[in-house]
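Engineer: The structure follows.
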Amino acid sequence: MIGKKNKTLGEFIIENQSSFQYSSGELSKLINAIRLGAKVVNHEVNKAGLVDILGTAGDTNIQGENQQKLDVLANEKFIQTLTNREIVCGIASEEEDDFISINSNDEQHQNKYVVLIDPLDGSSNIDVNVSVGTIFSIYRRITPVGTPVTLEDFLQPGKNQVAAGYIIYGTSTMLVYTTGDGVNGFTLNPAIGTFYLSHPDMRFPESGKIYSVNEGNYIHFPQGVKDYIKYCQKEEGDRPYTSRYIGSLVSDFHRNMIKGGIYMYPKSNLASNGKLRLLYECNPMAFLAQQANGKASDGSTPIMELQPTELHQRVPFFCGSPKMVEKVEEFISKY
Ligand code: AHG
Ligand code: MN
Ligand code: MN
């Protein structure tokens, strides 16, 4: 018998298949395809430094192919993996101008899911060997199966998500996801290429001592956010808090979920809607947060209530331990 501690992601997916609301095995296959994509991209991320060294002679590799930026490569790998398996009817990616409609040769093909993806999050960290990630979000299509997908299938509010998760390529590689029944984290054993359940039922502590924000933008933030940052720094009660900002949402979120904390990307004089993308970053993180006792808001409205109007839409983002998100909302509401 396999002990609980040794459960693999593959086993976990099979065991949990029957608990999905409309269990046909399709979502399980889709999570499996993402698991495979994760391993492929993990392999690329891990050799990134090496490729750089080998690539100094020019910008083409030995096969004469252009060397690609890792975010473009990650995008291609995930799209290839999902397309080849004929497991989704459409994909939208941060790296693509428009959504991709997937036409299957199989006339019987009745795929009902669309995937939205940030193939490589925190890409400015690649060159300096700091953790990066992949974020994904899965919805059931709105338009009828068997017809080409339309924009409407992708512009759904986050509350319609069926599954969401991220892969963190860190000191170890993890896949963390939810299908609406809590959040579970799996760590890759690179020697044998298998993910193991290492973090069952992940949960944000009610409150925390970490705030994560790009403080270089401080003078451009709205007054409510400035006041909240000063509150975090004030010596009173369990404060001052600690500031931690990796600049890779996946890594900052992951740390805050484990230790307790808040991640903030407010609007500012520099960016009227902040920087993060509603569909590829904020909605999947909001779903994970909600499933892990956390909260996500644009400063006043829960992220997953927002009705998207365009694919690459940006939105201010406050996410993490519930008490901390409520506190920053309280400060913002004063103005
Ligand atoms: P991406 O690499 O997918 O463009 O996303 C980067 C995002 C997010 O991961 C990170 O928290 C944020 O941008 C950092 O932005 P600043 O450098 O403006 O702080
Ligand atoms: Mn990103
Ligand atoms: Mn990205």
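By order of appearance in the structure tokens: chains A, B, ..., then residues from 1 within every chain, and ligands from 1 in the order shown.
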Need the shell around Leu116 of chain A: protein/DNA/RNA residues with any atom at most 10 Å away, counting only C-alpha atoms. Skip same-chain ones fewer than 6 positions apart. Format as an mmCIF file with C-alpha atoms, in the first residue's frame?

Structural biologist:
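Saved the output as result-v5.cif:
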```cif
data_model
loop_
_atom_site.group_PDB
_atom_site.id
_atom_site.type_symbol
_atom_site.label_atom_id
_atom_site.label_comp_id
_atom_site.auth_asym_id
_atom_site.auth_seq_id
_atom_site.Cartn_x
_atom_site.Cartn_y
_atom_site.Cartn_z
ATOM 1 C CA GLY A 90 -9.276 27.132 -26.788
ATOM 2 C CA ILE A 91 -6.263 28.778 -25.183
ATOM 3 C CA ALA A 92 -5.600 32.403 -24.274
ATOM 4 C CA SER A 93 -2.084 33.365 -23.271
ATOM 5 C CA GLU A 94 -0.409 36.481 -21.970
ATOM 6 C CA PHE A 99 -6.992 33.645 -28.228
ATOM 7 C CA ILE A 135 -0.073 30.454 -13.820
ATOM 8 C CA PHE A 136 -3.107 28.713 -15.330
ATOM 9 C CA SER A 137 -6.855 29.086 -15.172
ATOM 10 C CA ILE A 138 -9.534 26.747 -16.548
ATOM 11 C CA TYR A 139 -13.160 27.492 -17.491
ATOM 12 C CA PHE A 154 -12.613 33.644 -22.272
ATOM 13 C CA ALA A 164 -6.610 27.128 -11.350
ATOM 14 C CA LEU A 279 -7.397 36.849 -16.682
ATOM 15 C CA TYR A 280 -3.919 35.307 -16.542
ATOM 16 C CA GLU A 281 -2.736 36.369 -13.084
ATOM 17 C CA PRO A 284 -6.357 32.231 -10.895
ATOM 18 C CA LEU A 311 -8.314 39.636 -22.815
#
```

Engineer: Find the residues near segment 201-204 of chain A: any atom within 8 Å, counting only C-alpha atoms, skip ones fewer than 6 places away on the same chain, and give them as a PyMOL selection string.

Structural biologist: chain A and resi 182-185+256-260+289+291-294+320-322

Engineer: Generate a file of the selected residues that holds C-alpha atoms, formatted as a CSV table (one decimal), in the first residue's frame.

Structural biologist:
```csv
chain,number,residue,atom,x,y,z
A,182,GLY,CA,-9.1,23.2,-1.3
A,183,VAL,CA,-5.6,23.8,-2.5
A,184,ASN,CA,-2.9,21.1,-2.7
A,185,GLY,CA,0.8,21.4,-3.5
A,256,ASN,CA,2.6,34.5,1.7
A,257,MET,CA,0.2,31.6,1.6
A,258,ILE,CA,2.6,29.5,3.7
A,259,LYS,CA,3.8,32.2,6.1
A,260,GLY,CA,0.9,34.7,6.1
A,289,ALA,CA,-6.6,32.3,-2.3
A,291,GLN,CA,-9.8,28.0,-1.7
A,292,ALA,CA,-7.0,28.5,0.8
A,293,ASN,CA,-8.8,30.8,3.4
A,294,GLY,CA,-7.4,33.9,1.7
A,320,GLY,CA,-3.4,37.2,0.8
A,321,SER,CA,-4.3,36.6,4.4
A,322,PRO,CA,-8.0,37.6,4.9
```

Engineer: Considering only strand (DSSP E) as DSSP defines it on the backbone, what residues of segment 128-162 of chain A qualify? List them as a tab-separated table (two decimals) with all heavy atoms, in the first residue's frame.

Structural biologist:
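Wrote it out as states-v6.tsv, contents follow:
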```tsv
chain	number	residue	atom	x	y	z
A	132	VAL	N	10.83	31.76	-10.87
A	132	VAL	CA	9.77	32.19	-11.78
A	132	VAL	C	8.64	31.16	-11.70
A	132	VAL	O	8.75	30.17	-10.98
A	132	VAL	CB	10.30	32.33	-13.23
A	132	VAL	CG1	11.23	33.51	-13.36
A	132	VAL	CG2	10.97	31.04	-13.70
A	133	GLY	N	7.56	31.40	-12.44
A	133	GLY	CA	6.43	30.48	-12.34
A	133	GLY	C	5.61	30.43	-13.61
A	133	GLY	O	5.91	31.10	-14.61
A	134	THR	N	4.57	29.62	-13.57
A	134	THR	CA	3.55	29.55	-14.62
A	134	THR	C	2.21	29.61	-13.89
A	134	THR	O	2.06	29.00	-12.83
A	134	THR	CB	3.63	28.20	-15.37
A	134	THR	OG1	4.87	28.12	-16.06
A	134	THR	CG2	2.49	28.06	-16.38
A	135	ILE	N	1.25	30.38	-14.45
A	135	ILE	CA	-0.07	30.45	-13.82
A	135	ILE	C	-1.11	29.98	-14.83
A	135	ILE	O	-1.06	30.38	-16.00
A	135	ILE	CB	-0.40	31.90	-13.39
A	135	ILE	CG1	0.75	32.50	-12.56
A	135	ILE	CG2	-1.71	31.94	-12.60
A	135	ILE	CD1	0.57	33.99	-12.25
A	136	PHE	N	-2.06	29.16	-14.40
A	136	PHE	CA	-3.11	28.71	-15.33
A	136	PHE	C	-4.49	28.79	-14.70
A	136	PHE	O	-4.65	28.77	-13.48
A	136	PHE	CB	-2.84	27.30	-15.85
A	136	PHE	CG	-2.83	26.23	-14.78
A	136	PHE	CD1	-3.99	25.55	-14.43
A	136	PHE	CD2	-1.65	25.91	-14.11
A	136	PHE	CE1	-3.99	24.57	-13.44
A	136	PHE	CE2	-1.64	24.93	-13.11
A	136	PHE	CZ	-2.81	24.25	-12.78
A	137	SER	N	-5.47	28.90	-15.58
A	137	SER	CA	-6.85	29.09	-15.17
A	137	SER	C	-7.74	28.34	-16.17
A	137	SER	O	-7.50	28.43	-17.38
A	137	SER	CB	-7.11	30.60	-15.20
A	137	SER	OG	-8.46	30.91	-15.09
A	138	ILE	N	-8.72	27.60	-15.67
A	138	ILE	CA	-9.53	26.75	-16.55
A	138	ILE	C	-11.03	27.06	-16.37
A	138	ILE	O	-11.51	27.16	-15.24
A	138	ILE	CB	-9.28	25.25	-16.24
A	138	ILE	CG1	-7.79	24.92	-16.46
A	138	ILE	CG2	-10.17	24.34	-17.08
A	138	ILE	CD1	-7.39	23.52	-16.01
A	139	TYR	N	-11.72	27.23	-17.50
A	139	TYR	CA	-13.16	27.49	-17.49
A	139	TYR	C	-13.87	26.50	-18.41
A	139	TYR	O	-13.29	26.02	-19.38
A	139	TYR	CB	-13.47	28.89	-18.05
A	139	TYR	CG	-12.98	30.04	-17.22
A	139	TYR	CD1	-11.66	30.48	-17.33
A	139	TYR	CD2	-13.83	30.73	-16.36
A	139	TYR	CE1	-11.20	31.55	-16.58
A	139	TYR	CE2	-13.38	31.80	-15.61
A	139	TYR	CZ	-12.07	32.21	-15.72
A	139	TYR	OH	-11.61	33.28	-14.99
A	140	ARG	N	-15.13	26.27	-18.11
A	140	ARG	CA	-15.99	25.54	-19.03
A	140	ARG	C	-16.45	26.54	-20.08
A	140	ARG	O	-16.79	27.68	-19.73
A	140	ARG	CB	-17.18	24.97	-18.26
A	140	ARG	CG	-17.83	23.78	-18.89
A	140	ARG	CD	-18.82	23.12	-17.94
A	140	ARG	NE	-18.14	22.42	-16.87
A	140	ARG	CZ	-18.19	22.75	-15.57
A	140	ARG	NH1	-18.89	23.79	-15.18
A	140	ARG	NH2	-17.55	22.05	-14.67
```

Engineer: So which residues are near ligand 2, meaning at most 10 Å away with only C-alpha atoms and all ligand atoms counted, given back as a PyMOL selection string?

Structural biologist: chain A and resi 71+94-95+117-124+132-135+247-250+275-277+280-282

Engineer: Return the single residue from A:Leu70, A:Cys232, A:Leu27, A:Val213 that is closest to ligand 1, with distances computed using only C-alpha atoms and all ligand atoms.

Structural biologist: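 Among the listed residues, A:Val213 lies closest to ligand 1.
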
Engineer: Which residues in segment 63-298 of chain A does DSSP call alpha helix (DSSP H)? List them as a PyMOL selection string.

Structural biologist: chain A and resi 70-84+151-154+223-233+249-259+283-291

Engineer: What is the distance between atom CA of Asp252 of chain A and atom CA of Ile192 of chain A, in Å to one decimal?

Structural biologist: 27.7 Å

Engineer: Ranking A:Thr150, A:Gln80, A:Asn160, A:Ser251 by minimum distance to ligand 1 and counting only C-alpha atoms and all ligand atoms, which one comes first?

Structural biologist: A:Ser251

Engineer: Do you have the atom CA of Gly208 of chain A-atom CA of Pro302 of chain A distance handy?

Structural biologist: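 Atom CA of Gly208 of chain A sits 19.9 Å away from atom CA of Pro302 of chain A.
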
Engineer: From the set A:Ala33, A:Val328, A:Val128, A:Leu197, which residue has the shortest atom-to-atom contact distance to Lys230 of chain A, counting only C-alpha atoms?

Structural biologist: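 Nearest to Lys230 of chain A: A:Val328.
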
Engineer: Report as a ChimeraX atom specification all protein, DNA and RNA residues lying within 8 Å of His220 of chain A, evaluated on only C-alpha atoms, omitting residues in the same chain fewer than 5 positions from it.

Structural biologist: /A:268-270

Engineer: Give me a file of those residues, with N, CA and C atoms, as a PDB file, in the first residue's frame.

Structural biologist:
```pdb
ATOM      1  N   SER A 268      -1.600  53.297  -9.780  1.00  0.00           N
ATOM      2  CA  SER A 268      -0.698  54.387  -9.409  1.00  0.00           C
ATOM      3  C   SER A 268      -0.735  55.454 -10.491  1.00  0.00           C
ATOM      4  N   ASN A 269      -0.001  56.528 -10.252  1.00  0.00           N
ATOM      5  CA  ASN A 269       0.092  57.569 -11.286  1.00  0.00           C
ATOM      6  C   ASN A 269       0.813  57.042 -12.510  1.00  0.00           C
ATOM      7  N   LEU A 270       1.547  55.940 -12.330  1.00  0.00           N
ATOM      8  CA  LEU A 270       2.310  55.363 -13.446  1.00  0.00           C
ATOM      9  C   LEU A 270       1.463  54.401 -14.262  1.00  0.00           C
TER      10      LEU A 270
END
```

Engineer: Rank nothing, just name the residue among A:Leu73, A:Ile262, A:Ser243, A:Lys47 nearest to ligand 3, using only C-alpha atoms and all ligand atoms.

Structural biologist: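 Using only C-alpha atoms and all ligand atoms, ligand 3 sits closest to A:Leu73.
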
Engineer: Between atom CA of Pro200 of chain A and atom CA of Asn42 of chain A, what is the spacing in Å?

Structural biologist: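 Going from atom CA of Asn42 of chain A over to atom CA of Pro200 of chain A covers 21.8 Å.
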
Engineer: Would you list the contacts of Asn129 of chain A as a PyMOL selection string, taking every protein, DNA or RNA residue within 10 Å and counting only C-alpha atoms, but skipping same-chain residues closer than 6 positions in sequence?

Structural biologist: chain A and resi 45-46+48-49+170

Engineer: Those same residues - N, CA and C atoms - I'd like them written as a PDB file, in the first residue's frame.

Structural biologist:
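So out-v7.pdb came out as:
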```pdb
ATOM      1  N   VAL A  45      13.721  25.771 -17.893  1.00  0.00           N
ATOM      2  CA  VAL A  45      14.090  26.803 -16.913  1.00  0.00           C
ATOM      3  C   VAL A  45      15.404  26.433 -16.230  1.00  0.00           C
ATOM      4  N   ASN A  46      15.534  25.144 -15.897  1.00  0.00           N
ATOM      5  CA  ASN A  46      16.722  24.716 -15.162  1.00  0.00           C
ATOM      6  C   ASN A  46      18.009  24.807 -15.947  1.00  0.00           C
ATOM      7  N   ALA A  48      18.502  27.198 -18.174  1.00  0.00           N
ATOM      8  CA  ALA A  48      18.549  28.547 -18.739  1.00  0.00           C
ATOM      9  C   ALA A  48      19.941  29.152 -18.687  1.00  0.00           C
ATOM     10  N   GLY A  49      20.611  29.061 -17.528  1.00  0.00           N
ATOM     11  CA  GLY A  49      21.936  29.637 -17.378  1.00  0.00           C
ATOM     12  C   GLY A  49      22.920  28.993 -18.331  1.00  0.00           C
ATOM     13  N   GLY A 170      11.311  26.933  -8.349  1.00  0.00           N
ATOM     14  CA  GLY A 170      12.093  27.540  -7.272  1.00  0.00           C
ATOM     15  C   GLY A 170      13.238  26.651  -6.863  1.00  0.00           C
TER      16      GLY A 170
END
```

Engineer: Could you tell me which of A:Met174, A:Met264, A:Ile14, A:Met285 comes closest to Lys39 of chain A if we count only C-alpha atoms?

Structural biologist: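 So, comparing all the options, the nearest one is A:Met174.
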